[in-house]
>>> print(open('model-v1.csv').read())   # CSV, C-alpha atoms and all ligand atoms
chain,number,residue,atom,x,y,z
A,1,MET,CA,98.0,213.8,-217.4
A,2,HIS,CA,96.3,211.3,-215.3
A,3,SER,CA,95.9,208.3,-217.5
A,4,GLN,CA,93.8,205.3,-216.8
A,5,ASN,CA,96.7,202.8,-217.2
A,6,GLU,CA,99.3,204.5,-215.1
A,7,ILE,CA,101.2,202.4,-212.6
A,8,ARG,CA,99.7,202.7,-209.2
A,9,PRO,CA,101.4,201.0,-206.2
A,10,ARG,CA,99.2,199.2,-203.9
A,11,LYS,CA,101.4,199.6,-200.9
A,12,LEU,CA,103.9,202.4,-200.4
A,13,VAL,CA,106.4,202.6,-197.6
A,14,ILE,CA,108.6,205.6,-196.9
A,15,ARG,CA,111.4,205.1,-194.3
A,16,ASN,CA,114.1,207.2,-192.6
A,17,ILE,CA,112.1,210.4,-192.6
A,18,GLY,CA,114.1,212.9,-190.6
A,19,LEU,CA,111.3,215.2,-189.7
A,20,MET,CA,107.6,214.5,-190.0
A,21,LEU,CA,105.5,217.7,-190.4
A,22,SER,CA,101.8,216.9,-189.6
A,23,GLY,CA,100.0,219.9,-191.0
A,24,ASP,CA,98.2,220.1,-187.6
A,25,LEU,CA,98.7,223.4,-185.8
A,26,ALA,CA,98.1,221.8,-182.4
A,27,ASN,CA,100.9,219.3,-183.0
A,28,PRO,CA,102.9,220.3,-186.0
A,29,ILE,CA,105.8,217.8,-185.6
A,30,LEU,CA,105.2,214.1,-185.2
A,31,GLU,CA,107.5,211.6,-183.5
A,32,ALA,CA,107.7,209.3,-186.5
A,33,ASP,CA,110.2,208.3,-189.2
A,34,THR,CA,108.0,205.9,-191.3
A,35,ILE,CA,104.8,206.3,-193.2
A,36,VAL,CA,102.8,203.6,-195.0
A,37,ALA,CA,100.0,204.1,-197.6
A,38,VAL,CA,97.7,201.5,-199.1
A,39,ASP,CA,95.7,202.3,-202.2
A,40,GLY,CA,96.6,206.0,-201.9
A,41,VAL,CA,95.5,206.4,-198.3
A,42,ILE,CA,97.7,206.7,-195.2
A,43,SER,CA,97.5,203.4,-193.3
A,44,ALA,CA,100.2,203.8,-190.7
A,45,VAL,CA,102.6,206.5,-189.3
A,46,GLY,CA,105.2,205.9,-186.6
A,47,PRO,CA,108.6,204.7,-185.7
A,48,ALA,CA,109.7,202.0,-188.1
A,49,LYS,CA,109.7,199.2,-185.5
A,50,GLU,CA,106.0,199.9,-184.8
A,51,VAL,CA,104.8,199.9,-188.4
A,52,ASP,CA,104.2,197.0,-190.8
A,53,CYS,CA,106.5,197.7,-193.7
A,54,GLU,CA,106.2,194.2,-195.3
A,55,GLY,CA,104.9,193.6,-198.8
A,56,ALA,CA,105.5,197.1,-200.2
A,57,ASP,CA,105.2,197.6,-204.0
A,58,VAL,CA,107.2,200.8,-203.7
A,59,ARG,CA,109.8,201.6,-201.1
A,60,ILE,CA,111.3,205.0,-200.6
A,61,ASP,CA,114.3,205.8,-198.4
A,62,ALA,CA,113.9,209.4,-197.4
A,63,HIS,CA,117.6,209.6,-196.3
A,64,GLY,CA,116.7,212.0,-193.5
A,65,CYS,CA,114.6,214.4,-195.5
A,66,ALA,CA,111.5,216.0,-194.1
A,67,LEU,CA,108.0,214.9,-195.1
A,68,ALA,CA,105.1,217.3,-195.2
A,69,PRO,CA,101.5,216.9,-196.4
A,70,GLY,CA,101.2,218.0,-200.0
A,71,LEU,CA,100.6,221.8,-200.2
A,72,ILE,CA,97.2,223.2,-201.0
A,73,ASP,CA,96.9,226.3,-203.0
A,74,SER,CA,93.6,227.8,-201.8
A,75,HIS,CA,93.3,230.4,-204.6
A,76,VAL,CA,93.9,229.7,-208.3
A,77,HIS,CA,92.3,230.7,-211.5
A,78,PRO,CA,92.4,227.8,-213.9
A,79,VAL,CA,90.7,227.8,-217.3
A,80,PHE,CA,90.9,224.6,-219.3
A,81,GLY,CA,93.6,221.9,-219.2
A,82,ASP,CA,97.1,222.8,-218.1
A,83,TRP,CA,96.9,226.1,-220.1
A,84,THR,CA,96.4,229.6,-219.0
A,85,PRO,CA,95.4,232.4,-221.3
A,86,ARG,CA,96.4,234.9,-218.6
A,87,GLN,CA,100.0,234.6,-219.5
A,88,SER,CA,99.8,232.4,-222.5
A,89,GLN,CA,101.5,229.6,-220.6
A,90,ILE,CA,101.2,225.9,-220.8
A,91,GLY,CA,102.1,223.4,-218.0
A,92,TRP,CA,101.6,225.8,-215.1
A,93,ILE,CA,99.8,223.2,-213.0
A,94,ASP,CA,102.5,220.6,-213.5
A,95,SER,CA,105.0,223.3,-212.6
A,96,ALA,CA,103.2,224.1,-209.4
A,97,MET,CA,103.4,220.4,-208.5
A,98,ASN,CA,107.1,220.8,-208.8
A,99,GLY,CA,106.7,223.5,-206.1
A,100,GLY,CA,105.0,221.0,-203.8
A,101,VAL,CA,101.4,221.7,-204.6
A,102,THR,CA,99.2,218.7,-204.7
A,103,THR,CA,95.7,220.3,-204.5
A,104,MET,CA,94.4,223.5,-206.0
A,105,ILE,CA,91.1,225.3,-205.4
A,106,SER,CA,89.6,227.5,-208.0
A,107,ALA,CA,88.5,231.0,-207.1
A,108,GLY,CA,86.7,231.2,-210.4
A,109,GLU,CA,87.5,230.4,-214.1
A,110,VAL,CA,87.5,234.1,-214.8
A,111,HIS,CA,90.3,234.2,-217.3
A,112,LEU,CA,88.4,232.3,-220.0
A,113,PRO,CA,88.3,234.5,-223.0
A,114,GLY,CA,84.6,235.5,-223.6
A,115,ARG,CA,83.6,234.1,-220.2
A,116,PRO,CA,79.8,234.0,-220.2
A,117,ARG,CA,78.1,236.4,-217.9
A,118,ASP,CA,74.5,235.4,-218.5
A,119,ILE,CA,73.0,233.0,-216.0
A,120,VAL,CA,72.7,229.9,-218.2
A,121,GLY,CA,76.2,230.4,-219.6
A,122,LEU,CA,77.9,230.9,-216.2
A,123,LYS,CA,76.2,227.9,-214.8
A,124,ALA,CA,77.2,225.8,-217.8
A,125,LEU,CA,80.8,227.0,-217.5
A,126,ALA,CA,80.9,226.1,-213.8
A,127,VAL,CA,79.6,222.6,-214.4
A,128,THR,CA,82.0,222.1,-217.4
A,129,ALA,CA,85.0,223.2,-215.4
A,130,GLN,CA,84.1,221.0,-212.4
A,131,ARG,CA,83.8,218.0,-214.7
A,132,ALA,CA,86.8,218.7,-216.8
A,133,PHE,CA,89.2,219.1,-213.9
A,134,ALA,CA,87.8,216.2,-212.0
A,135,ALA,CA,88.4,214.0,-215.1
A,136,ALA,CA,91.9,215.2,-216.2
A,137,ARG,CA,94.7,215.7,-213.7
A,138,PHE,CA,97.9,217.5,-214.7
A,139,GLY,CA,101.0,216.4,-212.8
A,140,GLY,CA,98.5,214.4,-210.8
A,141,VAL,CA,97.3,217.7,-209.1
A,142,LYS,CA,93.8,217.7,-207.8
A,143,VAL,CA,92.2,220.9,-209.1
A,144,ILE,CA,88.8,221.5,-207.5
A,145,ALA,CA,87.2,223.8,-210.1
A,146,GLY,CA,83.8,224.9,-211.2
A,147,ALA,CA,83.5,228.1,-209.2
A,148,PRO,CA,80.9,230.4,-210.8
A,149,VAL,CA,81.3,234.1,-210.7
A,150,LEU,CA,78.2,235.8,-209.2
A,151,GLU,CA,76.3,238.0,-211.6
A,152,GLU,CA,73.1,239.9,-211.1
A,153,GLY,CA,70.0,237.8,-212.0
A,154,LEU,CA,70.9,234.7,-210.1
A,155,VAL,CA,68.1,233.4,-208.0
A,156,GLU,CA,67.9,230.8,-205.2
A,157,SER,CA,67.0,227.9,-207.5
A,158,ASP,CA,70.2,228.5,-209.5
A,159,PHE,CA,72.2,227.7,-206.4
A,160,ALA,CA,70.2,224.5,-205.9
A,161,ASP,CA,70.8,223.6,-209.6
A,162,LEU,CA,74.6,224.2,-209.2
A,163,ALA,CA,74.8,222.1,-206.1
A,164,ASN,CA,72.8,219.3,-207.7
A,165,SER,CA,75.2,219.5,-210.7
A,166,GLY,CA,78.3,218.9,-208.5
A,167,VAL,CA,79.4,222.5,-208.0
A,168,THR,CA,80.9,223.0,-204.5
A,169,LEU,CA,82.4,226.5,-204.7
A,170,LEU,CA,81.7,230.1,-205.7
A,171,GLY,CA,84.2,232.2,-207.6
A,172,GLU,CA,85.4,235.3,-205.9
A,173,ILE,CA,82.5,237.6,-205.2
A,174,GLY,CA,83.3,241.0,-206.7
A,175,LEU,CA,84.7,239.8,-210.0
A,176,GLY,CA,81.2,239.9,-211.5
A,177,SER,CA,78.3,242.3,-211.3
A,178,VAL,CA,77.4,241.4,-207.7
A,179,LYS,CA,79.4,243.8,-205.6
A,180,THR,CA,77.3,245.3,-202.8
A,181,GLY,CA,77.0,243.8,-199.3
A,182,PRO,CA,73.2,243.1,-199.3
A,183,ARG,CA,73.2,241.4,-202.7
A,184,ALA,CA,76.3,239.4,-201.9
A,185,ALA,CA,75.0,238.4,-198.5
A,186,GLU,CA,71.8,237.0,-200.0
A,187,MET,CA,73.7,234.9,-202.5
A,188,VAL,CA,76.2,233.7,-199.9
A,189,ARG,CA,73.2,232.5,-197.8
A,190,TRP,CA,71.7,230.7,-200.8
A,191,ALA,CA,75.1,229.1,-201.5
A,192,ARG,CA,75.5,228.0,-197.9
A,193,LYS,CA,72.0,226.6,-197.8
A,194,TYR,CA,72.9,224.2,-200.6
A,195,GLY,CA,76.4,223.3,-199.4
A,196,ILE,CA,78.4,225.6,-201.7
A,197,GLN,CA,81.4,227.3,-200.1
A,198,SER,CA,81.9,231.0,-200.7
A,199,THR,CA,84.8,233.4,-201.0
A,200,ILE,CA,85.1,237.1,-201.8
A,201,HIS,CA,87.6,239.3,-203.5
A,202,THR,CA,89.0,241.7,-200.9
A,203,GLY,CA,90.6,245.0,-201.7
A,204,GLY,CA,91.1,247.0,-204.8
A,205,PRO,CA,90.1,245.8,-208.3
A,206,SER,CA,92.5,243.3,-209.8
A,207,THR,CA,91.6,243.6,-213.5
A,208,PRO,CA,89.4,246.0,-215.4
A,209,GLY,CA,85.8,245.0,-214.7
A,210,SER,CA,86.5,243.8,-211.2
A,211,HIS,CA,85.4,245.8,-208.2
A,212,TYR,CA,86.7,247.4,-205.0
A,213,ILE,CA,85.5,245.4,-202.0
A,214,ASP,CA,86.0,247.0,-198.6
A,215,LYS,CA,85.6,245.6,-195.1
A,216,ASP,CA,81.9,246.6,-194.9
A,217,VAL,CA,81.0,244.7,-198.0
A,218,VAL,CA,83.0,241.6,-196.8
A,219,LEU,CA,81.5,241.6,-193.3
A,220,GLU,CA,78.0,242.1,-194.6
A,221,ALA,CA,78.4,239.4,-197.2
A,222,ASP,CA,79.9,237.1,-194.6
A,223,PRO,CA,81.5,234.6,-197.0
A,224,ASP,CA,83.2,231.4,-195.7
A,225,ILE,CA,86.6,232.7,-196.8
A,226,ILE,CA,87.9,236.3,-196.8
A,227,GLY,CA,89.7,235.8,-200.1
A,228,HIS,CA,93.1,237.5,-200.3
A,229,ILE,CA,92.8,239.6,-197.2
A,230,ASN,CA,96.2,241.1,-198.3
A,231,GLY,CA,94.7,242.2,-201.6
A,232,GLY,CA,95.2,240.9,-205.1
A,233,HIS,CA,97.1,243.1,-205.7
A,234,THR,CA,95.8,246.2,-203.9
A,235,ALA,CA,95.3,245.8,-200.2
A,236,LEU,CA,92.8,247.5,-197.9
A,237,PRO,CA,94.3,249.8,-195.2
A,238,ILE,CA,95.6,247.8,-192.3
A,239,GLU,CA,92.9,249.3,-190.0
A,240,GLN,CA,90.3,247.5,-192.2
A,241,ILE,CA,92.3,244.3,-192.2
A,242,ARG,CA,92.2,244.4,-188.4
A,243,CYS,CA,88.4,244.9,-188.6
A,244,LEU,CA,88.1,241.8,-190.8
A,245,CYS,CA,90.1,239.7,-188.4
A,246,GLU,CA,88.2,240.9,-185.3
A,247,GLY,CA,84.8,241.3,-186.9
A,248,CYS,CA,84.2,237.6,-187.8
A,249,ARG,CA,85.5,234.1,-187.4
A,250,ARG,CA,85.8,233.3,-191.2
A,251,GLY,CA,88.9,232.1,-193.0
A,252,LEU,CA,91.7,234.6,-193.6
A,253,GLU,CA,93.3,233.8,-196.9
A,254,ILE,CA,96.7,235.3,-197.7
A,255,VAL,CA,98.0,235.2,-201.2
A,256,HIS,CA,101.3,235.5,-203.1
A,257,ASN,CA,99.8,237.9,-205.7
A,258,GLY,CA,99.1,240.4,-202.9
A,259,ASN,CA,100.6,243.1,-200.7
A,260,GLU,CA,103.3,241.6,-198.5
A,261,ARG,CA,103.1,244.2,-195.8
A,262,ALA,CA,99.4,243.5,-195.5
A,263,ALA,CA,100.1,239.8,-195.5
A,264,LEU,CA,102.4,240.1,-192.5
A,265,TYR,CA,99.9,242.4,-190.7
A,266,ALA,CA,97.1,240.0,-191.2
A,267,ALA,CA,99.2,237.1,-189.9
A,268,ARG,CA,100.4,239.1,-186.9
A,269,THR,CA,96.9,240.1,-186.0
A,270,ALA,CA,95.6,236.6,-186.2
A,271,GLY,CA,98.5,235.5,-184.0
A,272,GLU,CA,97.7,238.1,-181.4
A,273,MET,CA,94.1,236.9,-181.4
A,274,ARG,CA,95.4,233.3,-181.0
A,275,GLN,CA,93.5,232.4,-184.2
A,276,LEU,CA,96.2,231.2,-186.5
A,277,ASP,CA,93.9,228.3,-187.4
A,278,ARG,CA,92.0,230.8,-189.6
A,279,ILE,CA,95.0,231.4,-191.9
A,280,ILE,CA,95.2,229.7,-195.3
A,281,LEU,CA,97.5,230.3,-198.2
A,282,GLY,CA,97.0,230.8,-202.0
A,283,THR,CA,98.9,232.2,-204.9
A,284,ASP,CA,96.0,233.8,-206.9
A,285,SER,CA,97.9,232.6,-210.0
A,286,PRO,CA,97.8,232.8,-212.9
A,287,ALA,CA,97.6,236.5,-212.5
A,288,GLY,CA,99.1,239.8,-213.7
A,289,SER,CA,102.1,238.9,-211.6
A,290,GLY,CA,102.4,235.6,-213.5
A,291,VAL,CA,102.4,232.0,-212.6
A,292,GLN,CA,104.3,231.2,-209.4
A,293,PRO,CA,105.3,227.5,-209.2
A,294,THR,CA,106.9,228.1,-205.8
A,295,GLY,CA,104.4,230.6,-204.6
A,296,ILE,CA,103.1,228.6,-201.7
A,297,LEU,CA,106.6,227.8,-200.5
A,298,ARG,CA,107.5,231.5,-200.8
A,299,MET,CA,104.5,232.5,-198.7
A,300,ILE,CA,105.6,229.9,-196.0
A,301,ALA,CA,109.1,231.3,-196.0
A,302,LEU,CA,107.9,235.0,-196.0
A,303,LEU,CA,105.5,234.5,-193.1
A,304,SER,CA,108.0,232.4,-191.1
A,305,SER,CA,111.0,234.7,-191.7
A,306,MET,CA,109.4,238.1,-191.6
A,307,GLY,CA,106.4,237.3,-189.5
A,308,ASP,CA,108.3,235.4,-186.8
A,309,ILE,CA,106.1,232.3,-187.2
A,310,PRO,CA,107.8,229.0,-186.6
A,311,ALA,CA,108.3,227.3,-190.0
A,312,GLU,CA,106.4,224.1,-188.8
A,313,THR,CA,103.4,226.3,-188.1
A,314,ALA,CA,103.6,228.2,-191.4
A,315,PHE,CA,103.4,224.8,-193.2
A,316,CYS,CA,100.1,224.2,-191.4
A,317,PHE,CA,98.6,227.3,-193.1
A,318,ALA,CA,99.1,225.6,-196.5
A,319,THR,CA,98.0,222.1,-195.5
A,320,GLY,CA,95.9,221.2,-192.4
A,321,ASN,CA,94.3,224.6,-192.0
A,322,THR,CA,93.1,224.6,-195.6
A,323,ALA,CA,92.0,221.0,-195.5
A,324,ARG,CA,89.9,221.6,-192.4
A,325,MET,CA,88.3,224.8,-193.7
A,326,ARG,CA,87.7,223.3,-197.2
A,327,GLY,CA,86.5,219.9,-196.0
A,328,LEU,CA,89.3,218.1,-197.9
A,329,ASP,CA,90.5,214.5,-197.3
A,330,CYS,CA,94.2,215.5,-197.6
A,331,GLY,CA,96.4,218.0,-195.9
A,332,LEU,CA,97.2,216.2,-192.6
A,333,ILE,CA,99.5,213.3,-191.8
A,334,GLU,CA,97.1,210.9,-190.1
A,335,VAL,CA,95.6,207.5,-190.9
A,336,GLY,CA,92.7,207.7,-193.3
A,337,ARG,CA,93.9,210.8,-195.1
A,338,ARG,CA,95.0,210.8,-198.8
A,339,ALA,CA,98.7,210.0,-199.3
A,340,ASP,CA,99.7,213.4,-200.7
A,341,PHE,CA,103.3,214.1,-199.6
A,342,VAL,CA,106.2,216.5,-200.2
A,343,LEU,CA,109.7,215.3,-199.3
A,344,LEU,CA,112.0,218.2,-198.8
A,345,ASP,CA,115.3,219.3,-197.2
A,346,ARG,CA,117.3,222.4,-196.5
A,347,ALA,CA,118.5,223.9,-199.8
A,348,ALA,CA,122.1,223.4,-200.5
A,349,HIS,CA,124.2,226.2,-199.0
A,350,SER,CA,121.3,227.7,-197.0
A,351,SER,CA,122.6,229.6,-194.0
A,352,GLY,CA,120.0,227.8,-191.9
A,353,SER,CA,121.1,224.8,-189.8
A,354,ASP,CA,118.3,222.5,-190.9
A,355,LEU,CA,115.1,222.6,-192.9
A,356,LEU,CA,113.0,224.6,-190.4
A,357,ASP,CA,115.8,227.0,-189.5
A,358,SER,CA,116.4,227.6,-193.2
A,359,VAL,CA,112.8,228.4,-193.9
A,360,GLY,CA,112.8,230.6,-190.8
A,361,LYS,CA,115.7,232.5,-192.3
A,362,GLY,CA,113.6,233.0,-195.5
A,363,ASP,CA,115.2,230.4,-197.8
A,364,LEU,CA,113.0,228.1,-199.9
A,365,PRO,CA,113.5,224.4,-199.2
A,366,GLY,CA,114.6,222.0,-201.9
A,367,ILE,CA,112.0,219.5,-202.9
A,368,GLY,CA,113.2,215.9,-203.6
A,369,MET,CA,109.9,214.1,-204.3
A,370,VAL,CA,106.2,214.8,-204.6
A,371,ILE,CA,103.6,212.0,-204.1
A,372,ILE,CA,99.9,212.3,-204.8
A,373,ASP,CA,97.4,209.6,-203.9
A,374,GLY,CA,100.4,207.3,-203.1
A,375,VAL,CA,101.9,207.8,-206.6
A,376,VAL,CA,105.3,209.4,-207.1
A,377,ARG,CA,104.7,212.4,-209.4
A,378,CYS,CA,108.1,214.0,-209.5
A,379,GLN,CA,111.5,213.3,-208.0
A,380,ARG,CA,114.0,216.1,-207.7
A,381,SER,CA,112.0,219.3,-208.4
A,382,ARG,CA,112.8,221.4,-211.4
A,383,ASN,CA,111.7,224.5,-209.7
A,384,THR,CA,113.2,224.6,-206.2
A,385,PRO,CA,116.8,225.0,-205.4
A,386,PRO,CA,118.6,221.7,-205.0
A,387,ALA,CA,118.0,220.0,-201.7
A,388,GLU,CA,121.0,219.0,-199.5
A,389,ARG,CA,119.7,215.4,-199.3
A,390,LEU,CA,117.4,213.6,-201.7
A,391,PRO,CA,115.0,210.7,-201.1
A,392,GLU,CA,115.6,207.6,-203.1
A,393,LEU,CA,113.2,205.2,-204.8
A,394,VAL,CA,114.7,202.0,-203.5
A,395,SER,CA,112.5,199.4,-205.0
A,396,SER,CA,109.4,199.4,-207.0
A,397,ILE,CA,108.4,195.8,-207.4
A,398,ALA,CA,105.2,194.0,-208.4
A,399,MET,CA,103.7,197.1,-209.8
A,400,ARG,CA,100.3,196.7,-211.2
A,401,ALA,CA,98.2,198.7,-213.6
A,402,ALA,CA,95.2,200.3,-211.9
B,1,ZN,ZN,90.7,238.5,-206.4
>>> encode(input="model-v1.csv", output="structure tokens")
Amino acid sequence: MHSQNEIRPRKLVIRNIGLMLSGDLANPILEADTIVAVDGVISAVGPAKEVDCEGADVRIDAHGCALAPGLIDSHVHPVFGDWTPRQSQIGWIDSAMNGGVTTMISAGEVHLPGRPRDIVGLKALAVTAQRAFAAARFGGVKVIAGAPVLEEGLVESDFADLANSGVTLLGEIGLGSVKTGPRAAEMVRWARKYGIQSTIHTGGPSTPGSHYIDKDVVLEADPDIIGHINGGHTALPIEQIRCLCEGCRRGLEIVHNGNERAALYAARTAGEMRQLDRIILGTDSPAGSGVQPTGILRMIALLSSMGDIPAETAFCFATGNTARMRGLDCGLIEVGRRADFVLLDRAAHSSGSDLLDSVGKGDLPGIGMVIIDGVVRCQRSRNTPPAERLPELVSSIAMRAA
């Protein structure tokens, strides 16, 4: 949990970074070995000799490990706390943090037993979920929640109410009673008018009560994000996936809880169109397929190894692309962004020659440390294979309580 009296360093310095992944598709690898954060925000990045490393409260020697922006899971279904009724599991958010995830975005709190479907109730749930996850952080992970599922009966003023109450997202369209193109399009327009981002469930139904959403509904609804374009689980035919890529410029979300062939097809199509900036990654967990603490890393390894996408590019799908599309202040290694980092290295005994080569050969990397808002949240991950090299917390002096 995120407690009020946790120890927060004022200045954090990480040195001897062997590979700096930026999260930026246009320039995915930075020429830098040192990063400095002050009060949880990146203040300098560069070669050690060009960066002011004095006066650090916390020093980390990366020992040659790579550093990437914290991973962003663009599609989760939280309920309350670090508990999911979907698989009766506790601690799933903390477990994902051990898989490198530092930010999660709710696609709807749909697994709440007895989820209200009336308008007053669904609005109240969205506001409650937004407040609860903003106030309590598990493993330090930032969960952006409060994503109402669209039901028939919503009117424009409801979207204004939600926006005024702090709601910034819609749950996946198609999980509630709104399921046709014209009805969804009207509500997407209302949401957009009040600054609420929209996403849609694409493909076959996921659970009893959810709906089949084909390309015509998606294109007519015109949501900001084409949620799980590779299905969750059941994918559209690949001809329809091509239509979605070519028929709009919206975000193309690929999830772990989906069809892997369709995932590779969507990524390849976006690559052919030179629109890899549209790809973002999610897990869709907790789901029928379970909780996937390393799901985002697995998607990066899948797309890189089977989709012939350079590993440094695949990391951008789960970091900078998502941050830009979702308007987040993290996800990129640049001054002014939140200090959310994953330190990682080639897994021990991988056949790959280094981190990027190992991911390109389909192996998961080993995580040695996760940092959120400049605070070390875990050291050696309990969920990834052991990394060949590990970063070291060298000194942690003059800590102060926040
Ligand atoms: Zn879905």
>>> residues_near_ligand(input="model-v1.csv", ligand="ligand ZN 1 (chain B)", cutoff="9 Å", atoms="all atoms listed in the file", output="number ranges by chain")
A: 75, 107, 172-175, 200-207, 210, 227-228, 231-233, 284
>>> atom_distance(input="model-v1.csv", atom1="CA of Tyr212 in chain A", atom2="CA of Gly251 in chain A")
19.6 Å
>>> residues_around(input="model-v1.csv", residues="Glu54 in chain A", least_positions_apart="2", cutoff="9 Å", atoms="only C-alpha atoms", output="MDAnalysis selection string")
chainID A and resid 13 52 56
>>> closest_residue(input="model-v1.csv", among="A:Leu302, A:Cys65, A:Ile213, A:Val375", to="Arg346 in chain A", atoms="all atoms listed in the file")
A:Cys65
>>> atom_distance(input="model-v1.csv", atom1="CA of Ala96 in chain A", atom2="CA of Gly290 in chain A")
12.2 Å
>>> residues_around(input="model-v1.csv", residues="range 384-389 of chain A", least_positions_apart="6", cutoff="7 Å", atoms="only C-alpha atoms", output="list in words")
His63, Cys65, Gly99, Leu344, Asp345, Arg346, Ala347, Ala348, Pro365, Gly366, Ile367 and Gly368 of chain A
>>> closest_residue(input="model-v1.csv", among="A:Val143, A:Arg377, A:Gly171, A:Val120", to="Val155 in chain A", atoms="only C-alpha atoms")
A:Val120
>>> build_atoms(input="model-v1.csv", residues="range 225-245 of chain A", atoms="N, CA and C atoms", output="CSV table (one decimal), in the coordinates of the input")
chain,number,residue,atom,x,y,z
A,225,ILE,N,85.2,232.3,-196.7
A,225,ILE,CA,86.6,232.7,-196.8
A,225,ILE,C,86.7,234.2,-197.2
A,226,ILE,N,87.6,234.9,-196.4
A,226,ILE,CA,87.9,236.3,-196.8
A,226,ILE,C,89.1,236.1,-197.8
A,227,GLY,N,88.7,236.1,-199.1
A,227,GLY,CA,89.7,235.8,-200.1
A,227,GLY,C,90.8,236.9,-200.2
A,228,HIS,N,92.0,236.6,-200.4
A,228,HIS,CA,93.1,237.5,-200.3
A,228,HIS,C,92.9,238.7,-199.4
A,229,ILE,N,92.9,238.5,-198.2
A,229,ILE,CA,92.8,239.6,-197.2
A,229,ILE,C,93.9,240.6,-197.4
A,230,ASN,N,95.0,240.1,-198.0
A,230,ASN,CA,96.2,241.1,-198.3
A,230,ASN,C,96.1,241.7,-199.7
A,231,GLY,N,94.9,241.6,-200.3
A,231,GLY,CA,94.7,242.2,-201.6
A,231,GLY,C,95.3,241.4,-202.7
A,232,GLY,N,94.7,241.7,-203.9
A,232,GLY,CA,95.2,240.9,-205.1
A,232,GLY,C,95.1,241.8,-206.3
A,233,HIS,N,96.0,242.7,-206.5
A,233,HIS,CA,97.1,243.1,-205.7
A,233,HIS,C,96.8,244.1,-204.5
A,234,THR,N,95.9,245.0,-204.7
A,234,THR,CA,95.8,246.2,-203.9
A,234,THR,C,95.1,245.9,-202.6
A,235,ALA,N,95.8,246.1,-201.5
A,235,ALA,CA,95.3,245.8,-200.2
A,235,ALA,C,94.4,246.9,-199.6
A,236,LEU,N,93.5,246.5,-198.7
A,236,LEU,CA,92.8,247.5,-197.9
A,236,LEU,C,93.8,248.1,-196.9
A,237,PRO,N,93.4,249.3,-196.3
A,237,PRO,CA,94.3,249.8,-195.2
A,237,PRO,C,94.3,248.8,-194.1
A,238,ILE,N,95.4,248.9,-193.3
A,238,ILE,CA,95.6,247.8,-192.3
A,238,ILE,C,94.5,247.9,-191.2
A,239,GLU,N,94.0,249.1,-191.0
A,239,GLU,CA,92.9,249.3,-190.0
A,239,GLU,C,91.7,248.4,-190.4
A,240,GLN,N,91.4,248.4,-191.7
A,240,GLN,CA,90.3,247.5,-192.2
A,240,GLN,C,90.7,246.1,-192.1
A,241,ILE,N,91.9,245.7,-192.3
A,241,ILE,CA,92.3,244.3,-192.2
A,241,ILE,C,92.1,243.9,-190.7
A,242,ARG,N,92.4,244.7,-189.8
A,242,ARG,CA,92.2,244.4,-188.4
A,242,ARG,C,90.7,244.2,-188.1
A,243,CYS,N,89.8,245.1,-188.7
A,243,CYS,CA,88.4,244.9,-188.6
A,243,CYS,C,87.9,243.6,-189.1
A,244,LEU,N,88.5,243.1,-190.2
A,244,LEU,CA,88.1,241.8,-190.8
A,244,LEU,C,88.5,240.7,-189.9
A,245,CYS,N,89.7,240.8,-189.3
A,245,CYS,CA,90.1,239.7,-188.4
A,245,CYS,C,89.2,239.7,-187.1
